[in-house]
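Source file: final13.cif; contents: mmCIF, C-alpha atoms.
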```cif
data_start
loop_
_atom_site.label_atom_id
_atom_site.label_comp_id
_atom_site.auth_asym_id
_atom_site.auth_seq_id
_atom_site.Cartn_x
_atom_site.Cartn_y
_atom_site.Cartn_z
CA MET R 675 -21.42 -0.21 -17.47
CA ASP R 676 -20.93 -3.45 -15.54
CA PRO R 677 -23.68 -3.78 -12.87
CA GLY R 678 -21.11 -5.32 -10.53
CA ILE R 679 -19.02 -2.15 -10.69
CA VAL R 680 -22.07 0.09 -10.30
CA SER R 681 -22.92 -1.76 -7.07
CA LEU R 682 -19.61 -0.56 -5.57
CA LEU R 683 -20.28 3.08 -6.38
CA CYS R 684 -22.26 5.61 -4.37
CA ASP R 685 -23.34 9.23 -4.27
CA PRO R 686 -20.16 10.95 -3.00
CA VAL R 687 -22.17 13.37 -0.87
CA THR R 688 -24.62 11.03 0.87
CA HIS R 689 -22.84 7.66 0.35
CA THR R 690 -26.15 6.20 -0.77
CA PRO R 691 -26.37 3.77 -3.73
CA VAL R 692 -26.52 4.85 -7.35
CA GLN R 693 -28.22 3.12 -10.25
CA LEU R 694 -27.46 3.07 -13.95
CA ASP R 695 -29.94 4.93 -16.14
CA PRO R 696 -29.19 3.67 -19.67
CA GLU R 697 -31.61 6.13 -21.26
CA SER R 698 -29.61 9.15 -20.09
CA ASP R 699 -26.23 7.37 -20.02
CA SER R 700 -25.74 8.40 -16.41
CA LEU R 701 -25.79 7.17 -12.83
CA ILE R 702 -28.58 8.43 -10.61
CA SER R 703 -28.89 8.61 -6.84
CA ALA R 704 -32.28 7.32 -5.76
CA TYR R 705 -31.91 9.28 -2.51
CA THR R 706 -31.09 12.74 -3.92
CA GLY R 707 -32.08 12.36 -7.57
CA ARG R 708 -28.74 13.81 -8.59
CA ARG R 709 -27.36 12.48 -11.87
CA TYR R 710 -23.73 11.71 -12.60
CA PRO R 711 -22.99 11.47 -16.33
CA LEU R 712 -20.86 8.82 -17.99
CA ARG R 713 -18.21 10.38 -20.21
CA ASN R 714 -16.45 7.90 -22.49
CA GLY R 715 -17.62 5.25 -20.05
CA ILE R 716 -16.11 7.05 -17.04
CA PRO R 717 -18.56 8.26 -14.37
CA VAL R 718 -18.12 11.95 -13.54
CA PHE R 719 -18.90 12.58 -9.88
CA LEU R 720 -18.35 16.33 -9.84
CA ALA R 721 -19.28 19.49 -11.69
CA PRO R 722 -16.96 22.45 -12.24
CA ILE R 723 -18.76 24.34 -9.48
CA ASP R 724 -17.81 21.57 -7.02
CA VAL R 725 -14.07 22.16 -7.45
CA THR R 726 -12.68 25.12 -5.52
CA GLY R 727 -9.51 26.34 -3.83
CA PRO R 728 -6.28 24.40 -4.34
CA ASN R 729 -8.17 21.53 -5.98
CA ARG R 730 -9.24 23.83 -8.78
CA LYS R 731 -5.71 25.17 -9.23
CA TYR R 732 -4.12 21.75 -9.54
CA GLN R 733 -6.94 20.31 -11.62
CA THR R 734 -6.15 23.03 -14.15
CA MET R 735 -2.42 22.26 -13.93
CA TYR R 736 -2.80 18.53 -14.54
CA ASP R 737 -5.33 19.04 -17.33
CA ARG R 738 -2.70 21.19 -18.99
CA PHE R 739 0.21 18.78 -18.43
CA ALA R 740 -1.63 15.54 -19.23
CA PRO R 741 -0.89 15.22 -22.99
CA GLY R 742 2.88 15.14 -22.47
CA TYR R 743 3.03 13.86 -18.89
CA ASP R 744 4.21 10.31 -19.59
CA LEU R 745 6.75 11.39 -22.19
CA VAL R 746 8.29 14.01 -19.91
CA GLU R 747 8.58 11.48 -17.10
CA ARG R 748 10.33 8.97 -19.35
CA ILE R 749 12.74 11.61 -20.67
CA TYR R 750 13.53 12.81 -17.14
CA TYR R 751 14.47 9.36 -15.90
CA TRP R 752 16.45 8.60 -19.06
CA PHE R 753 18.54 11.78 -18.93
CA SER R 754 19.02 11.75 -15.16
CA ARG R 755 19.97 8.07 -15.21
CA LYS R 756 17.99 7.74 -12.00
CA PRO R 757 15.76 4.76 -11.25
CA THR R 758 12.07 5.36 -10.85
CA PHE R 759 11.10 5.59 -7.20
CA ARG R 760 7.73 4.00 -7.84
CA LEU R 761 8.76 0.55 -6.66
CA GLU R 762 9.89 1.95 -3.31
CA PHE R 763 6.33 2.71 -2.25
CA LEU R 764 4.47 0.07 -4.26
CA LYS R 765 6.25 -2.61 -2.23
CA GLU R 766 4.44 -1.22 0.82
CA LEU R 767 1.09 -2.34 -0.57
CA GLU R 768 -0.47 -5.52 0.74
CA ILE R 769 -2.07 -7.24 -2.22
CA VAL R 770 -3.79 -10.60 -2.04
CA PRO R 771 -5.37 -12.68 -4.82
CA SER R 772 -8.75 -11.36 -5.99
CA ALA R 773 -8.15 -8.03 -4.25
CA GLN R 774 -9.96 -4.83 -5.15
CA ILE R 775 -7.39 -2.03 -5.32
CA LEU R 776 -8.11 1.70 -5.30
CA GLU R 777 -5.61 4.37 -6.24
CA VAL R 778 -6.74 7.86 -5.28
CA SER R 779 -5.24 10.38 -7.76
CA VAL R 780 -4.48 7.71 -10.34
CA GLY R 781 -3.04 10.14 -12.89
CA THR R 782 -2.08 8.45 -16.14
CA GLY R 783 -2.03 5.04 -14.47
CA ALA R 784 1.71 4.35 -14.18
CA ASN R 785 1.31 2.81 -10.73
CA LEU R 786 -1.51 0.51 -11.78
CA SER R 787 0.51 -0.51 -14.82
CA ALA R 788 3.40 -1.53 -12.56
CA LEU R 789 1.05 -3.46 -10.28
CA SER R 790 -0.37 -5.41 -13.21
CA ALA R 791 2.94 -7.24 -13.51
CA ARG R 792 2.62 -8.66 -10.01
CA GLU R 793 1.69 -12.22 -9.26
CA HIS R 794 -2.08 -12.86 -9.25
CA ALA R 795 -2.66 -9.57 -11.08
CA GLY R 796 -5.12 -11.30 -13.37
CA ASP R 797 -7.45 -11.89 -10.41
CA ILE R 798 -7.29 -8.31 -9.18
CA ARG R 799 -9.77 -5.53 -9.92
CA PHE R 800 -8.19 -2.11 -10.30
CA PHE R 801 -9.98 1.17 -9.57
CA GLY R 802 -8.67 4.67 -10.06
CA LEU R 803 -10.00 8.12 -9.27
CA ASP R 804 -8.65 11.50 -10.32
CA LEU R 805 -9.70 15.13 -10.27
CA SER R 806 -8.24 15.81 -13.72
CA TRP R 807 -10.29 14.67 -16.70
CA GLU R 808 -7.32 14.87 -19.05
CA MET R 809 -5.18 12.66 -16.81
CA LEU R 810 -8.01 10.13 -16.66
CA ARG R 811 -8.32 10.19 -20.44
CA ARG R 812 -4.61 9.38 -20.74
CA CYS R 813 -5.02 6.63 -18.15
CA GLN R 814 -7.90 5.12 -20.11
CA LEU R 815 -5.79 5.11 -23.27
CA ASN R 816 -2.81 3.60 -21.46
CA SER R 817 -4.96 0.89 -19.88
CA ARG R 818 -5.75 -0.56 -23.31
CA ARG R 819 -2.23 -2.00 -23.27
CA TRP R 820 -2.66 -3.60 -19.84
CA PRO R 821 -3.81 -7.19 -19.27
CA HIS R 822 -6.62 -5.95 -17.02
CA THR R 823 -9.37 -3.33 -16.97
CA ALA R 824 -9.04 -0.16 -14.92
CA HIS R 825 -12.38 1.06 -13.57
CA LEU R 826 -11.97 4.83 -13.53
CA SER R 827 -14.00 7.67 -12.01
CA GLN R 828 -13.61 11.43 -11.94
CA GLY R 829 -14.08 12.90 -8.50
CA GLN R 830 -12.45 14.47 -5.48
CA ALA R 831 -10.46 12.61 -2.83
CA GLU R 832 -12.46 14.43 -0.17
CA ARG R 833 -15.68 12.82 -1.46
CA LEU R 834 -14.97 9.37 -2.81
CA PRO R 835 -17.80 7.80 -4.85
CA TYR R 836 -17.37 4.30 -3.39
CA ARG R 837 -19.35 2.29 -0.86
CA ASP R 838 -18.07 1.77 2.67
CA ALA R 839 -15.51 -1.02 3.25
CA THR R 840 -15.12 -1.86 -0.46
CA PHE R 841 -11.36 -2.13 -1.03
CA ASP R 842 -8.64 -4.54 0.10
CA CYS R 843 -5.93 -2.03 -0.79
CA VAL R 844 -6.12 1.77 -0.84
CA PHE R 845 -3.25 4.08 -1.73
CA HIS R 846 -2.46 7.59 -2.88
CA ALA R 847 0.77 8.83 -4.45
CA GLY R 848 1.23 12.52 -5.16
CA GLY R 849 -1.14 15.40 -4.59
CA ILE R 850 -2.31 15.35 -0.98
CA ASN R 851 0.15 18.12 -0.06
CA PHE R 852 -2.13 20.57 -1.85
CA PHE R 853 -5.58 19.01 -1.46
CA SER R 854 -8.28 21.45 -0.41
CA GLY R 855 -9.19 19.07 2.43
CA LYS R 856 -6.40 16.75 3.57
CA THR R 857 -8.23 15.52 6.65
CA ALA R 858 -11.39 14.73 4.70
CA ALA R 859 -9.37 12.85 2.07
CA ILE R 860 -7.69 10.68 4.70
CA HIS R 861 -11.02 9.91 6.37
CA GLU R 862 -12.51 8.98 3.00
CA MET R 863 -9.66 6.55 2.24
CA ILE R 864 -10.32 4.95 5.61
CA ARG R 865 -14.07 4.76 4.99
CA VAL R 866 -13.80 2.88 1.69
CA ALA R 867 -11.13 0.47 2.96
CA LYS R 868 -12.10 -2.86 4.45
CA PRO R 869 -11.28 -3.39 8.14
CA GLY R 870 -7.68 -4.52 8.51
CA THR R 871 -6.55 -2.81 5.29
CA LYS R 872 -3.16 -1.11 5.16
CA ILE R 873 -3.42 2.38 3.65
CA VAL R 874 -0.41 3.99 1.95
CA ILE R 875 -0.05 7.73 1.30
CA VAL R 876 2.96 9.17 -0.55
CA ASP R 877 3.83 12.68 -1.63
CA GLU R 878 6.76 14.98 -2.18
CA THR R 879 8.85 16.64 0.51
CA ASP R 880 10.06 20.21 0.51
CA LYS R 881 13.30 18.93 -1.05
CA ALA R 882 11.48 17.77 -4.19
CA ILE R 883 9.50 20.99 -4.50
CA ARG R 884 12.62 23.12 -4.05
CA ASP R 885 14.98 21.07 -6.23
CA ASN R 886 12.56 20.02 -8.96
CA HIS R 887 9.32 21.97 -9.37
CA GLN R 888 10.56 25.43 -8.53
CA LYS R 889 13.33 25.02 -11.11
CA ASN R 890 11.02 23.67 -13.80
CA PRO R 891 9.97 26.51 -16.16
CA PHE R 892 6.67 24.78 -16.93
CA ALA R 893 5.68 23.98 -13.33
CA ARG R 894 7.24 26.68 -11.16
CA SER R 895 4.28 29.06 -11.48
CA TYR R 896 2.20 26.46 -9.59
CA PHE R 897 4.82 26.03 -6.83
CA ALA R 898 5.62 29.47 -5.48
CA LYS R 899 8.34 30.13 -2.95
CA GLY R 900 7.19 29.15 0.53
CA MET R 901 5.44 25.99 -0.65
CA GLU R 902 8.55 24.02 0.27
CA SER R 903 7.29 23.93 3.86
CA VAL R 904 5.04 20.94 3.14
CA THR R 905 4.90 18.25 5.82
CA CYS R 906 3.77 14.65 6.04
CA PRO R 907 0.14 14.63 7.28
CA ILE R 908 0.77 11.99 9.95
CA ASP R 909 -0.91 14.23 12.53
CA LEU R 910 -4.16 14.06 10.52
CA VAL R 911 -4.44 10.27 10.79
CA PRO R 912 -7.09 9.36 13.39
CA GLN R 913 -5.57 8.04 16.61
CA GLU R 914 -7.62 4.85 16.44
CA MET R 915 -5.72 3.73 13.36
CA GLU R 916 -3.05 1.09 13.94
CA GLU R 917 0.63 0.77 12.94
CA ILE R 918 0.94 4.47 12.05
CA GLU R 919 4.38 5.05 10.53
CA ALA R 920 6.10 7.54 8.23
CA HIS R 921 9.53 7.45 6.65
CA PRO R 922 11.40 9.19 3.82
CA ILE R 923 12.01 7.43 0.51
CA ALA R 924 13.45 8.41 -2.88
CA ASN R 925 16.56 9.94 -1.34
CA GLY R 926 14.43 12.19 0.85
CA LYS R 927 12.29 13.57 -1.98
CA LEU R 928 9.17 11.64 -0.93
CA TYR R 929 7.56 10.67 2.35
CA CYS R 930 5.68 7.40 2.77
CA LEU R 931 2.90 7.37 5.36
CA THR R 932 1.31 4.03 6.23
CA PHE R 933 -1.32 2.93 8.72
CA ARG R 934 -3.90 0.17 9.16
CA LYS R 935 -7.66 0.41 9.56
CA PRO R 936 -8.50 -1.52 12.73
CA ARG R 937 -10.10 -4.91 12.32
CA ARG R 938 -12.29 -4.15 15.33
CA ALA R 939 -14.27 -1.85 13.03
CA LEU R 940 -16.06 -5.04 11.98
CA ALA R 941 -17.83 -5.19 15.30
CA SER R 942 -18.53 -1.48 15.64
CA SER R 943 -19.83 -0.93 12.11
CA GLY R 944 -21.83 -4.10 11.73
CA GLN R 945 -19.99 -5.02 8.57
CA PRO R 946 -20.15 -8.77 7.76
#
```

This entry written out as structure tokens:
Amino acid sequence: MDPGIVSLLCDPVTHTPVQLDPESDSLISAYTGRRYPLRNGIPVFLAPIDVTGPNRKYQTMYDRFAPGYDLVERIYYWFSRKPTFRLEFLKELEIVPSAQILEVSVGTGANLSALSAREHAGDIRFFGLDLSWEMLRRCQLNSRRWPHTAHLSQGQAERLPYRDATFDCVFHAGGINFFSGKTAAIHEMIRVAKPGTKIVIVDETDKAIRDNHQKNPFARSYFAKGMESVTCPIDLVPQEMEEIEAHPIANGKLYCLTFRKPRRALASSGQP
């Protein structure tokens, strides 16, 4: 594993550095001694016992759906003759040359694939984290066709395995509605973002759950009646964040929440 990438990772519990132990093919925290194995080159920052509540439920769902996920999405958009809504929220991202980009809940990597076509993409380093191992495995396979490397990790959004103030761009699309800890996940995205970074969070509205998932024979068991009362978590964004906004996209089927980590954090945190 690239030492430069290892230097950006941390123990997700203590946020202390980790080191590569080539003899055991794992990362180890010098502070806690806890080991995080590398599986097909992907660091695994959680054990089954760590995943509980809604996270466990939806980890199981996405592990199950992963093998046919990309194909089903392509068939859906082909038959519905509807454009993908991905570009509607990707245009919200602020990407500069040589940026380090993190997608929380990367899935099979469709968003990172779309970003790779952008100008200066060759200078960008892409990182992706997901709870589902099977989705990550599909993402790793897909990334072999991309002109860049995707540095993937398995972990939970509530405990990101990245050092403070690491990323120039942080975003999440799909999943936070049913995270076990929405507030913790938002705070973690803020922690790993550099001061001044715009953070983008997207997920489905009650309209999408009602019109799509609850009518899908494969997915409806995971989206019981009553779940359509989901709301945009704008009230969970810390008040000290700047430019806090939320608006509907995708014909009302998605919300897009954006805010900026204050630049003044440079002075308060001692970051260079």

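Minimum distance to Glu832 of chain R across R:Ile679, R:Val780, R:Leu764, R:Leu720 (counting all atoms listed in the file) occurs at R:Leu720.
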
Determine, for each residue of segment 724-827 of chain R having at least one atom at most 12 Å from an atom of segment 870-873 of chain R, the closest pair of atoms and their separation in Å to one decimal, counting all atoms listed in the file; order by chain and ascending number, as JSON lines.
```
{"residue": "R:Phe763", "atom": "CA", "partner": "R:Ile873", "partner_atom": "CA", "distance": 11.4}
{"residue": "R:Leu764", "atom": "CA", "partner": "R:Ile873", "partner_atom": "CA", "distance": 11.4}
{"residue": "R:Glu766", "atom": "CA", "partner": "R:Lys872", "partner_atom": "CA", "distance": 8.8}
{"residue": "R:Leu767", "atom": "CA", "partner": "R:Lys872", "partner_atom": "CA", "distance": 7.2}
{"residue": "R:Glu768", "atom": "CA", "partner": "R:Lys872", "partner_atom": "CA", "distance": 6.8}
{"residue": "R:Ile769", "atom": "CA", "partner": "R:Lys872", "partner_atom": "CA", "distance": 9.7}
{"residue": "R:Val770", "atom": "CA", "partner": "R:Thr871", "partner_atom": "CA", "distance": 11.0}
{"residue": "R:Ala773", "atom": "CA", "partner": "R:Thr871", "partner_atom": "CA", "distance": 11.0}
{"residue": "R:Gln774", "atom": "CA", "partner": "R:Thr871", "partner_atom": "CA", "distance": 11.2}
{"residue": "R:Ile775", "atom": "CA", "partner": "R:Thr871", "partner_atom": "CA", "distance": 10.7}
{"residue": "R:Leu776", "atom": "CA", "partner": "R:Ile873", "partner_atom": "CA", "distance": 10.1}
{"residue": "R:Glu777", "atom": "CA", "partner": "R:Ile873", "partner_atom": "CA", "distance": 10.3}
{"residue": "R:Val778", "atom": "CA", "partner": "R:Ile873", "partner_atom": "CA", "distance": 11.0}
```

Checklist entry - Do you know which residues the PyMOL selection byres ((chain R and resi 688) around 10) returns on this file, as a VMD selection string? => result chain R and resid 684 to 687 689 to 691 703 705 to 706 833 835

Dump of C-alpha atoms for the selected residues, as a PDB file, in the frame of the given file:
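Result file follows (again_29.pdb):
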```
ATOM      1  CA  CYS R 684     -22.260   5.610  -4.370  1.00  0.00           C
ATOM      2  CA  ASP R 685     -23.340   9.230  -4.270  1.00  0.00           C
ATOM      3  CA  PRO R 686     -20.160  10.950  -3.000  1.00  0.00           C
ATOM      4  CA  VAL R 687     -22.170  13.370  -0.870  1.00  0.00           C
ATOM      5  CA  HIS R 689     -22.840   7.660   0.350  1.00  0.00           C
ATOM      6  CA  THR R 690     -26.150   6.200  -0.770  1.00  0.00           C
ATOM      7  CA  PRO R 691     -26.370   3.770  -3.730  1.00  0.00           C
ATOM      8  CA  SER R 703     -28.890   8.610  -6.840  1.00  0.00           C
ATOM      9  CA  TYR R 705     -31.910   9.280  -2.510  1.00  0.00           C
ATOM     10  CA  THR R 706     -31.090  12.740  -3.920  1.00  0.00           C
ATOM     11  CA  ARG R 833     -15.680  12.820  -1.460  1.00  0.00           C
ATOM     12  CA  PRO R 835     -17.800   7.800  -4.850  1.00  0.00           C
TER      13      PRO R 835
END
```

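Residue neighbourhood of Phe759 of chain R, excluding near-sequence residues (fewer than 5 positions): Leu764, Ile923, Ala924, Asn925, Lys927 and Leu928 of chain R, at 10 Å, using all atoms listed in the file.
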
Checklist entry - Near Met675 of chain R, counting only C-alpha atoms, which residues have an atom at most 12 Å away, once you skip same-chain residues fewer than 4 positions from it, shown as a ChimeraX atom specification? => result /R:679-681,683,693-696,699-701,711-717,825-826

Next on the checklist: Taking the file as I've supplied it (selection: the PyMOL selection byres ((chain R and resi 863-866) around 10)), which residues are included? Please answer as an NGL selection string.
Outcome noted: :R and (682 or 776-778 or 831-846 or 858-862 or 867-869 or 871-875 or 911-912 or 915 or 933-936)

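Considering all atoms listed in the file, the residue among R:Cys813, R:Val876, R:Val718, R:Val692 positioned nearest to Thr905 of chain R is R:Val876.
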
Next on the checklist: For a test of reading the model, state the distance in Å between atom CA of Gly781 of chain R and atom CA of Ser854 of chain R, rounded to one decimal.
Outcome noted: 17.6 Å

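The coordinates place atom CA of Tyr929 of chain R at 29.2 Å from atom CA of Phe719 of chain R.
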
Checklist entry - From the list R:Asn729, R:Thr734, R:Ser806, R:Ser817, which residue is nearest Ser790 of chain R when using all atoms listed in the file? => result R:Ser817

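Interatomic distance, atom CA of Asp737 of chain R against atom CA of Glu808 of chain R: 4.9 Å.
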
Item to check | Pick from R:Leu805, R:Ala824, R:Ile908, R:Ala847, whichever lies nearest to Arg730 of chain R using only C-alpha atoms | outcome: R:Leu805

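Of the listed residues R:Asp797, R:Glu697, R:Asp676, R:Asp804, the one whose atoms come nearest to Tyr736 of chain R is R:Asp804, with distances taken using all atoms listed in the file.
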
Because the input lacks atoms here, generate N, CA and C atoms for segment 716-749 of chain R and report them as a CSV table (one decimal), keeping the file's coordinate frame.
```
chain,number,residue,atom,x,y,z
R,716,ILE,N,-16.6,6.7,-18.4
R,716,ILE,CA,-16.1,7.0,-17.0
R,716,ILE,C,-17.2,7.9,-16.3
R,717,PRO,N,-17.6,7.4,-15.1
R,717,PRO,CA,-18.6,8.3,-14.4
R,717,PRO,C,-17.9,9.5,-13.8
R,718,VAL,N,-18.6,10.6,-14.0
R,718,VAL,CA,-18.1,12.0,-13.5
R,718,VAL,C,-18.9,12.3,-12.3
R,719,PHE,N,-18.2,12.3,-11.1
R,719,PHE,CA,-18.9,12.6,-9.9
R,719,PHE,C,-18.7,14.0,-9.4
R,720,LEU,N,-18.5,14.9,-10.3
R,720,LEU,CA,-18.4,16.3,-9.8
R,720,LEU,C,-18.7,17.2,-11.0
R,721,ALA,N,-19.1,18.4,-10.7
R,721,ALA,CA,-19.3,19.5,-11.7
R,721,ALA,C,-18.2,20.6,-11.4
R,722,PRO,N,-18.0,21.4,-12.4
R,722,PRO,CA,-17.0,22.4,-12.2
R,722,PRO,C,-17.2,23.3,-11.0
R,723,ILE,N,-18.5,23.5,-10.6
R,723,ILE,CA,-18.8,24.3,-9.5
R,723,ILE,C,-18.3,23.7,-8.2
R,724,ASP,N,-18.2,22.3,-8.2
R,724,ASP,CA,-17.8,21.6,-7.0
R,724,ASP,C,-16.3,21.7,-6.7
R,725,VAL,N,-15.5,22.1,-7.6
R,725,VAL,CA,-14.1,22.2,-7.4
R,725,VAL,C,-13.6,23.6,-7.1
R,726,THR,N,-13.1,23.8,-5.9
R,726,THR,CA,-12.7,25.1,-5.5
R,726,THR,C,-11.3,25.1,-4.9
R,727,GLY,N,-10.8,26.2,-4.6
R,727,GLY,CA,-9.5,26.3,-3.8
R,727,GLY,C,-8.4,25.7,-4.5
R,728,PRO,N,-7.4,25.1,-3.7
R,728,PRO,CA,-6.3,24.4,-4.3
R,728,PRO,C,-6.7,23.3,-5.3
R,729,ASN,N,-7.8,22.6,-5.1
R,729,ASN,CA,-8.2,21.5,-6.0
R,729,ASN,C,-8.4,22.1,-7.4
R,730,ARG,N,-9.0,23.2,-7.5
R,730,ARG,CA,-9.2,23.8,-8.8
R,730,ARG,C,-7.9,24.2,-9.5
R,731,LYS,N,-7.0,24.8,-8.7
R,731,LYS,CA,-5.7,25.2,-9.2
R,731,LYS,C,-5.0,24.0,-9.8
R,732,TYR,N,-4.9,22.9,-9.1
R,732,TYR,CA,-4.1,21.8,-9.5
R,732,TYR,C,-4.9,20.9,-10.5
R,733,GLN,N,-6.2,20.9,-10.5
R,733,GLN,CA,-6.9,20.3,-11.6
R,733,GLN,C,-6.6,21.0,-12.9
R,734,THR,N,-6.5,22.3,-13.0
R,734,THR,CA,-6.2,23.0,-14.2
R,734,THR,C,-4.7,22.7,-14.6
R,735,MET,N,-3.8,22.6,-13.6
R,735,MET,CA,-2.4,22.3,-13.9
R,735,MET,C,-2.3,20.9,-14.6
R,736,TYR,N,-2.9,19.9,-14.0
R,736,TYR,CA,-2.8,18.5,-14.5
R,736,TYR,C,-3.6,18.4,-15.9
R,737,ASP,N,-4.7,19.1,-16.0
R,737,ASP,CA,-5.3,19.0,-17.3
R,737,ASP,C,-4.4,19.6,-18.4
R,738,ARG,N,-3.6,20.6,-18.0
R,738,ARG,CA,-2.7,21.2,-19.0
R,738,ARG,C,-1.5,20.3,-19.3
R,739,PHE,N,-1.0,19.6,-18.3
R,739,PHE,CA,0.2,18.8,-18.4
R,739,PHE,C,-0.1,17.4,-19.0
R,740,ALA,N,-1.3,16.9,-18.9
R,740,ALA,CA,-1.6,15.5,-19.2
R,740,ALA,C,-1.1,15.0,-20.6
R,741,PRO,N,-1.3,15.8,-21.7
R,741,PRO,CA,-0.9,15.2,-23.0
R,741,PRO,C,0.6,14.8,-23.1
R,742,GLY,N,1.5,15.5,-22.4
R,742,GLY,CA,2.9,15.1,-22.5
R,742,GLY,C,3.4,14.6,-21.2
R,743,TYR,N,2.6,14.3,-20.2
R,743,TYR,CA,3.0,13.9,-18.9
R,743,TYR,C,3.9,12.6,-18.9
R,744,ASP,N,3.5,11.6,-19.6
R,744,ASP,CA,4.2,10.3,-19.6
R,744,ASP,C,5.5,10.5,-20.3
R,745,LEU,N,5.5,11.2,-21.4
R,745,LEU,CA,6.8,11.4,-22.2
R,745,LEU,C,7.8,12.2,-21.4
R,746,VAL,N,7.4,13.2,-20.7
R,746,VAL,CA,8.3,14.0,-19.9
R,746,VAL,C,8.9,13.2,-18.8
R,747,GLU,N,8.1,12.3,-18.2
R,747,GLU,CA,8.6,11.5,-17.1
R,747,GLU,C,9.6,10.5,-17.6
R,748,ARG,N,9.4,9.9,-18.8
R,748,ARG,CA,10.3,9.0,-19.4
R,748,ARG,C,11.6,9.7,-19.7
R,749,ILE,N,11.5,10.9,-20.3
R,749,ILE,CA,12.7,11.6,-20.7
R,749,ILE,C,13.5,12.0,-19.4
```
